[in-house]
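my_file24.cif (mmCIF, C-alpha atoms)
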data_query
#
loop_
_atom_site.label_atom_id
_atom_site.label_comp_id
_atom_site.auth_asym_id
_atom_site.auth_seq_id
_atom_site.Cartn_x
_atom_site.Cartn_y
_atom_site.Cartn_z
CA MET A 207 13.07 26.95 -14.59
CA ILE A 208 15.80 25.76 -16.96
CA GLN A 209 19.05 27.67 -16.66
CA SER A 210 21.02 25.86 -19.36
CA ILE A 211 21.63 22.45 -20.95
CA SER A 212 24.63 20.31 -21.80
CA ILE A 213 24.53 18.07 -24.89
CA ASN A 214 26.23 14.68 -24.75
CA GLU A 215 26.46 11.70 -27.10
CA LYS A 216 23.46 9.80 -25.75
CA THR A 217 22.04 12.18 -23.16
CA LEU A 218 21.40 15.79 -22.36
CA THR A 219 21.70 17.36 -18.93
CA ILE A 220 19.41 20.11 -17.70
CA HIS A 221 20.93 22.60 -15.28
CA TRP A 222 18.05 23.93 -13.20
CA GLN A 223 18.00 27.41 -11.75
CA SER A 224 17.69 25.79 -8.33
CA GLY A 225 21.27 24.55 -8.77
CA SER A 226 20.49 20.86 -9.34
CA ASP A 227 21.15 18.88 -12.53
CA SER A 228 19.08 16.18 -14.25
CA THR A 229 20.21 13.87 -17.04
CA PHE A 230 17.84 12.49 -19.68
CA HIS A 231 18.64 9.85 -22.28
CA TYR A 232 17.60 10.72 -25.83
CA ILE A 233 15.74 7.44 -26.25
CA TRP A 234 13.77 8.20 -23.08
CA LEU A 235 12.90 11.68 -24.30
CA ARG A 236 11.78 10.39 -27.69
CA ASP A 237 9.86 7.55 -26.05
CA ASN A 238 8.02 10.09 -23.89
CA CYS A 239 7.28 12.64 -26.58
CA GLN A 240 4.16 14.64 -25.75
CA SER A 241 3.15 15.44 -29.34
CA PRO A 242 -0.26 14.33 -30.71
CA LYS A 243 1.52 11.85 -32.98
CA SER A 244 3.00 10.13 -29.93
CA LEU A 245 0.34 10.58 -27.27
CA HIS A 246 -3.43 10.23 -27.57
CA PRO A 247 -5.55 12.99 -25.94
CA ASN A 248 -6.68 10.40 -23.39
CA GLY A 249 -3.07 10.08 -22.19
CA GLN A 250 -2.32 6.67 -23.67
CA ARG A 251 0.77 6.16 -25.77
CA LEU A 252 0.57 5.88 -29.56
CA LEU A 253 4.31 5.57 -30.16
CA GLN A 254 5.71 2.04 -30.13
CA THR A 255 9.06 1.96 -28.35
CA VAL A 256 10.35 -0.71 -30.73
CA ASP A 257 9.94 1.75 -33.62
CA ILE A 258 12.44 4.22 -32.12
CA PRO A 259 15.98 3.78 -33.53
CA ALA A 260 18.36 2.68 -30.79
CA ASP A 261 20.75 5.48 -31.75
CA ILE A 262 18.09 8.22 -31.82
CA HIS A 263 19.54 11.69 -31.25
CA PRO A 264 18.52 15.30 -31.87
CA SER A 265 19.55 17.48 -34.77
CA SER A 266 18.77 20.57 -32.68
CA VAL A 267 17.84 21.43 -29.10
CA GLN A 268 16.53 24.75 -27.81
CA VAL A 269 15.47 26.11 -24.46
CA ILE A 270 12.50 28.48 -24.90
CA LYS A 271 12.28 31.28 -22.31
CA GLU A 272 13.58 28.95 -19.60
CA GLN A 273 10.14 27.28 -19.63
CA SER A 274 10.38 24.51 -22.21
CA LEU A 275 12.73 22.25 -24.13
CA GLU A 276 12.24 21.99 -27.91
CA ILE A 277 13.90 19.10 -29.77
CA VAL A 278 14.02 18.36 -33.48
CA TRP A 279 15.09 14.76 -33.99
CA VAL A 280 17.25 13.49 -36.85
CA ASP A 281 14.17 11.96 -38.49
CA GLY A 282 12.50 15.38 -38.52
CA HIS A 283 10.02 14.68 -35.69
CA GLN A 284 9.59 17.57 -33.24
CA SER A 285 9.07 17.23 -29.48
CA SER A 286 8.30 19.83 -26.86
CA TYR A 287 8.59 19.34 -23.09
CA SER A 288 7.65 21.87 -20.45
CA ALA A 289 10.16 22.50 -17.69
CA ASP A 290 7.55 21.46 -15.10
CA TRP A 291 6.90 18.16 -16.89
CA LEU A 292 10.61 17.38 -17.10
CA TYR A 293 11.21 18.27 -13.48
CA ASN A 294 8.32 16.09 -12.33
CA HIS A 295 9.62 13.16 -14.41
CA VAL A 296 13.27 13.10 -13.39
CA TYR A 297 13.68 9.35 -13.54
CA ASP A 298 16.42 8.75 -11.02
CA MET A 299 14.10 10.06 -8.28
CA PRO A 300 11.41 7.97 -6.52
CA LEU A 301 8.03 7.77 -8.20
CA SER A 302 5.49 10.28 -7.00
CA GLY A 303 2.19 8.96 -5.74
CA PRO A 304 0.07 8.63 -2.63
CA ASN A 305 2.65 6.65 -0.65
CA ASN A 306 5.41 9.16 -1.31
CA GLU A 307 3.23 12.23 -1.33
CA MET A 308 1.63 11.28 1.98
CA GLN A 309 4.66 10.65 4.13
CA ILE A 310 4.34 7.37 6.00
CA GLN A 311 4.12 7.80 9.77
CA LEU A 312 5.44 4.87 11.77
CA TRP A 313 3.69 4.28 15.10
CA ASN A 314 3.59 2.16 18.24
CA CYS A 315 1.37 1.90 21.32
CA SER A 316 1.46 5.67 21.82
CA VAL A 317 -0.43 6.54 18.62
CA ASP A 318 -3.64 8.51 19.20
CA ILE A 319 -6.34 6.59 17.36
CA ASN A 320 -8.85 9.35 18.10
CA SER A 321 -6.93 11.54 15.66
CA LEU A 322 -7.46 8.85 13.03
CA THR A 323 -11.22 8.59 13.67
CA PHE A 324 -13.63 10.35 11.32
CA ASP A 325 -17.40 10.74 11.18
CA TYR A 326 -19.12 8.46 8.67
CA PRO A 327 -21.90 10.92 7.67
CA GLU A 328 -19.22 13.52 6.93
CA ILE A 329 -17.12 11.32 4.64
CA ILE A 330 -20.33 10.56 2.76
CA SER A 331 -21.35 14.20 2.38
CA LYS A 332 -18.10 16.15 2.29
CA GLU A 333 -15.30 15.53 -0.21
CA ARG A 334 -12.80 17.30 2.03
CA THR A 335 -13.53 14.98 4.95
CA LEU A 336 -13.27 11.92 2.72
CA TYR A 337 -9.96 13.23 1.41
CA ASP A 338 -8.63 13.84 4.93
CA TRP A 339 -9.69 10.35 6.03
CA LEU A 340 -7.92 8.73 3.08
CA VAL A 341 -4.79 10.84 3.63
CA ALA A 342 -4.68 9.78 7.28
CA PHE A 343 -5.06 6.18 6.16
CA CYS A 344 -2.15 6.49 3.70
CA GLN A 345 0.05 7.95 6.41
CA TYR A 346 -0.72 5.46 9.17
CA GLY A 347 -1.98 2.39 7.32
CA VAL A 348 -5.09 2.40 9.51
CA ALA A 349 -8.09 4.68 9.93
CA PHE A 350 -11.39 4.59 11.80
CA LEU A 351 -14.99 5.64 11.29
CA LYS A 352 -17.71 6.30 13.86
CA ASN A 353 -21.49 6.66 13.54
CA VAL A 354 -21.75 4.01 10.85
CA PRO A 355 -25.28 2.53 10.67
CA THR A 356 -25.41 -0.85 12.39
CA GLN A 357 -27.08 -2.42 9.40
CA LEU A 358 -26.06 -5.53 7.51
CA GLY A 359 -23.99 -4.58 4.46
CA ALA A 360 -23.17 -1.05 5.63
CA VAL A 361 -19.45 -1.79 5.29
CA GLU A 362 -19.89 -2.10 1.52
CA ASN A 363 -21.23 1.47 1.42
CA ILE A 364 -17.92 2.63 2.87
CA VAL A 365 -15.94 0.89 0.15
CA ASP A 366 -18.25 2.46 -2.44
CA GLN A 367 -16.91 5.87 -1.41
CA PHE A 368 -13.43 5.11 -2.76
CA GLY A 369 -13.23 1.82 -4.62
CA TYR A 370 -14.44 -1.72 -5.09
CA ILE A 371 -14.98 -4.86 -3.06
CA HIS A 372 -12.33 -7.57 -3.45
CA GLU A 373 -14.44 -10.71 -3.33
CA THR A 374 -12.93 -13.95 -2.02
CA ASN A 375 -14.14 -17.43 -1.14
CA PHE A 376 -15.45 -15.83 2.07
CA GLY A 377 -17.87 -13.80 -0.07
CA ARG A 378 -18.22 -10.10 -0.79
CA ILE A 379 -18.93 -9.51 2.88
CA SER A 380 -18.16 -11.98 5.64
CA ASP A 381 -19.98 -12.28 8.95
CA VAL A 382 -17.44 -12.45 11.74
CA LYS A 383 -19.26 -14.41 14.41
CA ILE A 384 -19.15 -17.84 15.98
CA VAL A 385 -20.02 -20.76 13.72
CA THR A 386 -20.14 -24.45 14.49
CA ASN A 387 -17.20 -26.51 13.22
CA ALA A 388 -15.38 -23.38 12.03
CA THR A 389 -12.77 -23.94 9.32
CA ASN A 390 -11.17 -20.58 10.12
CA LEU A 391 -10.15 -19.35 13.58
CA THR A 392 -11.79 -16.02 12.74
CA TYR A 393 -15.17 -17.69 13.31
CA THR A 394 -14.30 -18.90 16.80
CA ASN A 395 -13.95 -17.02 20.08
CA ASP A 396 -10.26 -17.89 20.33
CA TYR A 397 -7.42 -15.44 20.63
CA LEU A 398 -6.01 -14.34 17.25
CA SER A 399 -2.40 -13.19 17.25
CA PRO A 400 -1.64 -10.12 15.11
CA HIS A 401 -1.46 -11.06 11.45
CA THR A 402 -2.01 -9.86 7.93
CA ASP A 403 -4.95 -11.45 6.18
CA ASN A 404 -4.84 -14.02 3.41
CA PRO A 405 -1.09 -14.26 2.72
CA TYR A 406 -1.95 -17.60 1.10
CA ARG A 407 -3.49 -15.65 -1.81
CA ASP A 408 -1.57 -14.22 -4.73
CA PRO A 409 -2.35 -11.40 -4.83
CA ALA A 410 -3.59 -10.92 -1.29
CA PRO A 411 -6.27 -8.31 -0.62
CA THR A 412 -4.66 -4.95 0.09
CA LEU A 413 -7.39 -3.43 2.30
CA MET A 414 -9.37 -5.01 5.11
CA LEU A 415 -12.39 -3.38 6.79
CA LEU A 416 -14.21 -4.52 9.94
CA HIS A 417 -17.57 -3.08 11.01
CA CYS A 418 -18.98 -3.73 14.48
CA LEU A 419 -22.73 -4.42 14.48
CA SER A 420 -22.98 -5.66 18.06
CA SER A 421 -20.52 -6.41 20.85
CA ASP A 422 -21.68 -7.10 24.37
CA VAL A 423 -18.99 -9.57 25.35
CA GLU A 424 -16.20 -9.95 27.83
CA GLY A 425 -12.96 -9.66 25.85
CA GLY A 426 -12.88 -9.53 22.07
CA ASP A 427 -10.68 -6.43 22.01
CA SER A 428 -9.06 -5.57 18.69
CA ILE A 429 -5.27 -5.44 18.39
CA ILE A 430 -3.33 -3.61 15.69
CA VAL A 431 0.41 -3.42 15.03
CA ASP A 432 2.35 -1.28 12.56
CA GLY A 433 4.28 -3.99 10.72
CA PHE A 434 6.49 -1.41 9.01
CA GLN A 435 7.52 0.10 12.34
CA VAL A 436 8.41 -3.34 13.72
CA ALA A 437 10.26 -4.32 10.54
CA GLU A 438 12.31 -1.12 10.61
CA LYS A 439 13.17 -1.75 14.25
CA LEU A 440 14.29 -5.25 13.30
CA ARG A 441 16.41 -3.84 10.46
CA GLN A 442 18.15 -1.52 12.93
CA LYS A 443 18.47 -4.13 15.66
CA ASN A 444 19.61 -7.04 13.51
CA PRO A 445 20.16 -6.42 9.78
CA LYS A 446 20.98 -10.10 9.27
CA TYR A 447 17.56 -11.19 10.57
CA PHE A 448 15.85 -8.55 8.42
CA LYS A 449 17.67 -9.81 5.33
CA LEU A 450 16.71 -13.43 6.05
CA LEU A 451 13.02 -12.57 6.34
CA ALA A 452 13.23 -10.39 3.23
CA SER A 453 15.00 -12.94 1.04
CA ILE A 454 13.81 -16.44 1.95
CA PRO A 455 10.22 -17.19 0.86
CA VAL A 456 7.88 -19.24 3.00
CA ASN A 457 4.62 -20.96 2.16
CA PHE A 458 1.19 -20.02 3.50
CA CYS A 459 -1.86 -22.22 3.00
CA PHE A 460 -5.59 -22.28 3.76
CA SER A 461 -7.89 -25.20 3.09
CA ASP A 462 -11.38 -26.32 3.91
CA PRO A 463 -13.68 -28.88 2.23
CA ASN A 464 -14.21 -26.55 -0.73
CA VAL A 465 -11.01 -24.50 -0.98
CA GLU A 466 -7.27 -25.12 -1.22
CA ILE A 467 -5.18 -21.94 -1.53
CA SER A 468 -1.45 -21.47 -1.08
CA ALA A 469 1.19 -18.93 -1.97
CA GLU A 470 4.90 -18.54 -1.47
CA LYS A 471 6.30 -15.15 -0.48
CA THR A 472 8.78 -13.50 1.85
CA ILE A 473 7.59 -12.28 5.25
CA ILE A 474 9.21 -8.87 4.68
CA GLN A 475 9.12 -7.36 1.20
CA VAL A 476 11.19 -4.45 -0.11
CA ASN A 477 11.59 -2.67 -3.44
CA ARG A 478 14.78 -2.04 -5.41
CA ARG A 479 15.57 0.93 -3.15
CA ASP A 480 15.31 -1.39 -0.13
CA GLU A 481 12.17 0.41 1.04
CA LEU A 482 9.47 -1.62 2.76
CA THR A 483 6.54 -2.50 0.53
CA ALA A 484 4.80 -5.24 2.51
CA VAL A 485 4.80 -7.42 5.60
CA CYS A 486 3.13 -10.84 5.20
CA PHE A 487 2.73 -12.43 8.60
CA HIS A 488 0.20 -15.10 9.54
CA ASN A 489 1.53 -17.64 12.00
CA GLU A 490 -1.67 -19.70 11.86
CA SER A 491 -1.39 -20.43 8.12
CA LEU A 492 2.41 -20.74 7.92
CA GLN A 493 3.40 -24.13 6.53
CA PRO A 494 6.43 -26.24 7.54
CA LEU A 495 9.48 -24.26 6.50
CA ARG A 496 11.61 -25.48 3.58
CA MET A 497 15.05 -24.04 2.84
CA ASP A 498 18.73 -24.98 2.79
CA ALA A 499 19.51 -26.83 6.02
CA GLU A 500 22.29 -24.43 6.99
CA LEU A 501 19.80 -21.54 6.99
CA MET A 502 17.05 -23.13 9.08
CA GLY A 503 18.40 -22.31 12.53
CA SER A 504 19.14 -18.69 11.67
CA PHE A 505 15.77 -18.28 9.98
CA TYR A 506 13.95 -19.51 13.07
CA ASP A 507 15.96 -17.06 15.18
CA ALA A 508 14.92 -14.25 12.84
CA TYR A 509 11.26 -15.35 12.75
CA ARG A 510 11.00 -15.70 16.51
CA THR A 511 12.65 -12.32 17.08
CA PHE A 512 10.25 -10.63 14.66
CA PHE A 513 7.28 -12.44 16.24
CA GLU A 514 8.39 -11.40 19.74
CA MET A 515 8.58 -7.78 18.59
CA ILE A 516 5.06 -8.03 17.12
CA MET A 517 3.80 -9.42 20.43
CA ASP A 518 5.50 -6.70 22.49
CA VAL A 519 2.72 -4.56 23.98
CA LYS A 520 4.87 -1.49 23.30
CA ASN A 521 4.24 -2.09 19.62
CA GLN A 522 0.51 -2.87 19.96
CA VAL A 523 -2.64 -0.80 20.19
CA GLN A 524 -5.59 -2.54 21.84
CA PHE A 525 -9.14 -1.19 21.77
CA LYS A 526 -12.76 -2.31 21.98
CA LEU A 527 -14.57 -1.81 18.68
CA GLN A 528 -18.03 -0.49 19.51
CA PRO A 529 -21.25 -0.88 17.52
CA GLY A 530 -21.26 1.66 14.69
CA GLN A 531 -17.47 1.78 14.45
CA VAL A 532 -15.28 0.61 11.57
CA TYR A 533 -11.57 0.29 11.16
CA MET A 534 -9.70 -0.20 7.91
CA VAL A 535 -6.13 -1.44 7.61
CA ASP A 536 -3.56 -1.56 4.85
CA ASN A 537 -3.22 -5.34 4.76
CA ARG A 538 0.30 -5.00 3.38
CA ARG A 539 1.45 -3.09 6.45
CA VAL A 540 -0.78 -3.23 9.53
CA LEU A 541 -1.33 -6.48 11.40
CA HIS A 542 -4.59 -7.03 13.26
CA GLY A 543 -5.77 -9.55 15.83
CA ARG A 544 -8.10 -9.87 18.81
CA THR A 545 -8.29 -11.14 22.35
CA ALA A 546 -10.41 -14.17 23.21
CA PHE A 547 -14.00 -13.46 24.21
CA PHE A 548 -17.00 -14.95 25.99
CA ASN A 549 -20.82 -14.54 25.71
CA THR A 550 -20.19 -15.61 22.15
CA ASP A 551 -23.68 -14.98 20.79
CA LYS A 552 -23.42 -11.25 21.48
CA ARG A 553 -20.61 -10.30 19.11
CA HIS A 554 -21.23 -9.74 15.40
CA LEU A 555 -18.88 -7.96 13.01
CA GLN A 556 -18.95 -7.75 9.24
CA GLY A 557 -15.79 -7.53 7.20
CA CYS A 558 -14.76 -7.15 3.61
CA TYR A 559 -11.72 -6.62 1.45
CA ALA A 560 -11.02 -3.91 -1.10
CA GLY A 561 -8.22 -2.83 -3.41
CA ILE A 562 -5.85 -0.02 -2.56
CA ASP A 563 -5.62 0.93 -6.24
CA GLY A 564 -9.18 2.24 -6.05
CA LEU A 565 -8.33 4.19 -2.91
CA TYR A 566 -5.28 5.80 -4.54
CA SER A 567 -7.38 6.65 -7.60
CA LYS A 568 -10.08 8.30 -5.50
CA LEU A 569 -7.46 10.24 -3.55
CA ALA A 570 -5.89 11.56 -6.75
CA VAL A 571 -9.27 12.60 -8.17
CA LEU A 572 -10.27 14.33 -4.93
CA LYS A 573 -6.98 16.20 -4.94
CA ARG A 574 -7.66 17.37 -8.50
CA HIS A 575 -11.07 18.63 -7.40
CA MET A 576 -9.60 20.57 -4.52
CA ILE A 577 -6.90 22.30 -6.56
CA GLY A 578 -9.35 22.97 -9.37
CA THR A 579 -7.84 20.92 -12.20
#

Kindly present the structure from the file in structure tokens form.
Amino acid sequence: MIQSISINEKTLTIHWQSGSDSTFHYIWLRDNCQSPKSLHPNGQRLLQTVDIPADIHPSSVQVIKEQSLEIVWVDGHQSSYSADWLYNHVYDMPLSGPNNEMQIQLWNCSVDINSLTFDYPEIISKERTLYDWLVAFCQYGVAFLKNVPTQLGAVENIVDQFGYIHETNFGRISDVKIVTNATNLTYTNDYLSPHTDNPYRDPAPTLMLLHCLSSDVEGGDSIIVDGFQVAEKLRQKNPKYFKLLASIPVNFCFSDPNVEISAEKTIIQVNRRDELTAVCFHNESLQPLRMDAELMGSFYDAYRTFFEMIMDVKNQVQFKLQPGQVYMVDNRRVLHGRTAFFNTDKRHLQGCYAGIDGLYSKLAVLKRHMIGT
């Protein structure tokens, strides 16, 4: 509810009944006019920002029953904004969306993965269960499914529930099993240290899913690590190391006889509010470091410290993925790896990548369904 407004030269300030104040620039208000002349019914903008005079200002402003703001501009155009719309678009506040709406939960070895495990037939048949599974995923960056058919390609059916496959040179779906003369350690029985996948791509896939079809081996346990939790611990423990990893880019590369892919990016990524947005960590594909000589020693100290924290069992969850189980990770946040294994012909997983934009879209649509809009 709008209590009153204050008019200034280039802005107006809304005084809310809650006691808070919000300032809006006139050019922003005109640029975001909700009238049919400015906004198509499909929600896309018709108004071209370049056509708005830089010195745009109102000739009159009225508050209507505390519920809306009515502006007549100097060129005669009229705009109307509901109080709810203005409050939800205060622009010096963080953007709303799944990552802010679903508060991120940092975790370590004590996380209960059973609470993050959902029944596959239920996410297929019940919108509410699918919604809850996706919400849990947004909070923790990892979620599990049980009772998934142990059929080739079943992992793609999971992605179909919320989005689209992100195809790479490994195909739409990759078979994670031993191959002769493997060009990727994934297709060996060797230990894989916790990592995010494909940092040598730009952009890298944002979601990774693994489906267990068979596993009758000694070893081969999955390992997951909350990269955000470890990065925040590093920020608290040694801000200098955090800053080095967040500001100096490194190069990742993958190559085989048919592919040569590389990308440069920082290991820790933050937004303009210094909030974590991604961790890119893949020791196996890290290329020889290049930077100013005076930074090299300190950077190695930072990298080793971060790596040691990732390898600390207090920050890891280890589990045996059973046939019919799937886990999905936010590849920008959660690192995954595995222990070495034996009886190599008895372990077969299928994996694929997907885009988190599709997941966020599905989550928003499901939420609309549940609140009846």

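Of the residues under consideration (A:Glu424, A:Asp551, A:Asp298, A:Asp408), A:Asp298 shows the shortest atom-to-atom contact distance to His231 in chain A when counting only C-alpha atoms.
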
Spatial neighbours of Tyr397 in chain A, 12 Å, all atoms listed in the file, chain gap at least 3 places, as a ChimeraX atom specification: /A:391-394,400-401,425-429,490,542-548

Hits of the PyMOL selection byres ((chain A and resi 526-538) around 6) in this structure, as a ChimeraX atom specification: /A:347-356,402,412-420,427-428,484-485,525,539-540

Same residues, C-alpha atoms, output as a short mmCIF file (atom, residue, chain, number, x, y, z; two decimals), in the frame of the given file:
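Saved to again_15.cif:
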data_model
loop_
_atom_site.label_atom_id
_atom_site.label_comp_id
_atom_site.auth_asym_id
_atom_site.auth_seq_id
_atom_site.Cartn_x
_atom_site.Cartn_y
_atom_site.Cartn_z
CA GLY A 347 -1.98 2.39 7.32
CA VAL A 348 -5.09 2.40 9.51
CA ALA A 349 -8.09 4.68 9.93
CA PHE A 350 -11.39 4.59 11.80
CA LEU A 351 -14.99 5.64 11.29
CA LYS A 352 -17.71 6.30 13.86
CA ASN A 353 -21.49 6.66 13.54
CA VAL A 354 -21.75 4.01 10.85
CA PRO A 355 -25.28 2.53 10.67
CA THR A 356 -25.41 -0.85 12.39
CA THR A 402 -2.01 -9.86 7.93
CA THR A 412 -4.66 -4.95 0.09
CA LEU A 413 -7.39 -3.43 2.30
CA MET A 414 -9.37 -5.01 5.11
CA LEU A 415 -12.39 -3.38 6.79
CA LEU A 416 -14.21 -4.52 9.94
CA HIS A 417 -17.57 -3.08 11.01
CA CYS A 418 -18.98 -3.73 14.48
CA LEU A 419 -22.73 -4.42 14.48
CA SER A 420 -22.98 -5.66 18.06
CA ASP A 427 -10.68 -6.43 22.01
CA SER A 428 -9.06 -5.57 18.69
CA ALA A 484 4.80 -5.24 2.51
CA VAL A 485 4.80 -7.42 5.60
CA PHE A 525 -9.14 -1.19 21.77
CA ARG A 539 1.45 -3.09 6.45
CA VAL A 540 -0.78 -3.23 9.53
#

Nearest residue to His372 in chain A from the set A:Pro411, A:Gly359, A:Gly225, A:Gly564 (distances using all atoms listed in the file): A:Pro411

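Using the PyMOL selection byres ((chain A and resi 552) around 8) on this structure selects Ser420, Ser421, Asp422, Val423, Asn549, Thr550, Asp551, Arg553 and His554 of chain A.
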
Evaluate the PyMOL selection byres ((chain A and resi 511-515) around 10) and report residues as a PyMOL selection string: chain A and resi 399-400+431+433+436-437+439-440+444+447-448+451+473+487+489+505-510+516-522

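Those residues that approach Glu272 in chain A to within 7 Å, counting all atoms listed in the file, are Met207, Ile208, Gln209 and Val269 of chain A; same-chain residues fewer than 3 positions away are not listed.
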
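Distances to Met308 in chain A were evaluated for A:Val385, A:Ile329, A:Leu336, A:Val341 using all atoms listed in the file, and the minimum falls at A:Val341.
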
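Relative to CA of Leu235 in chain A, CA of Val256 in chain A is found at 14.2 Å.
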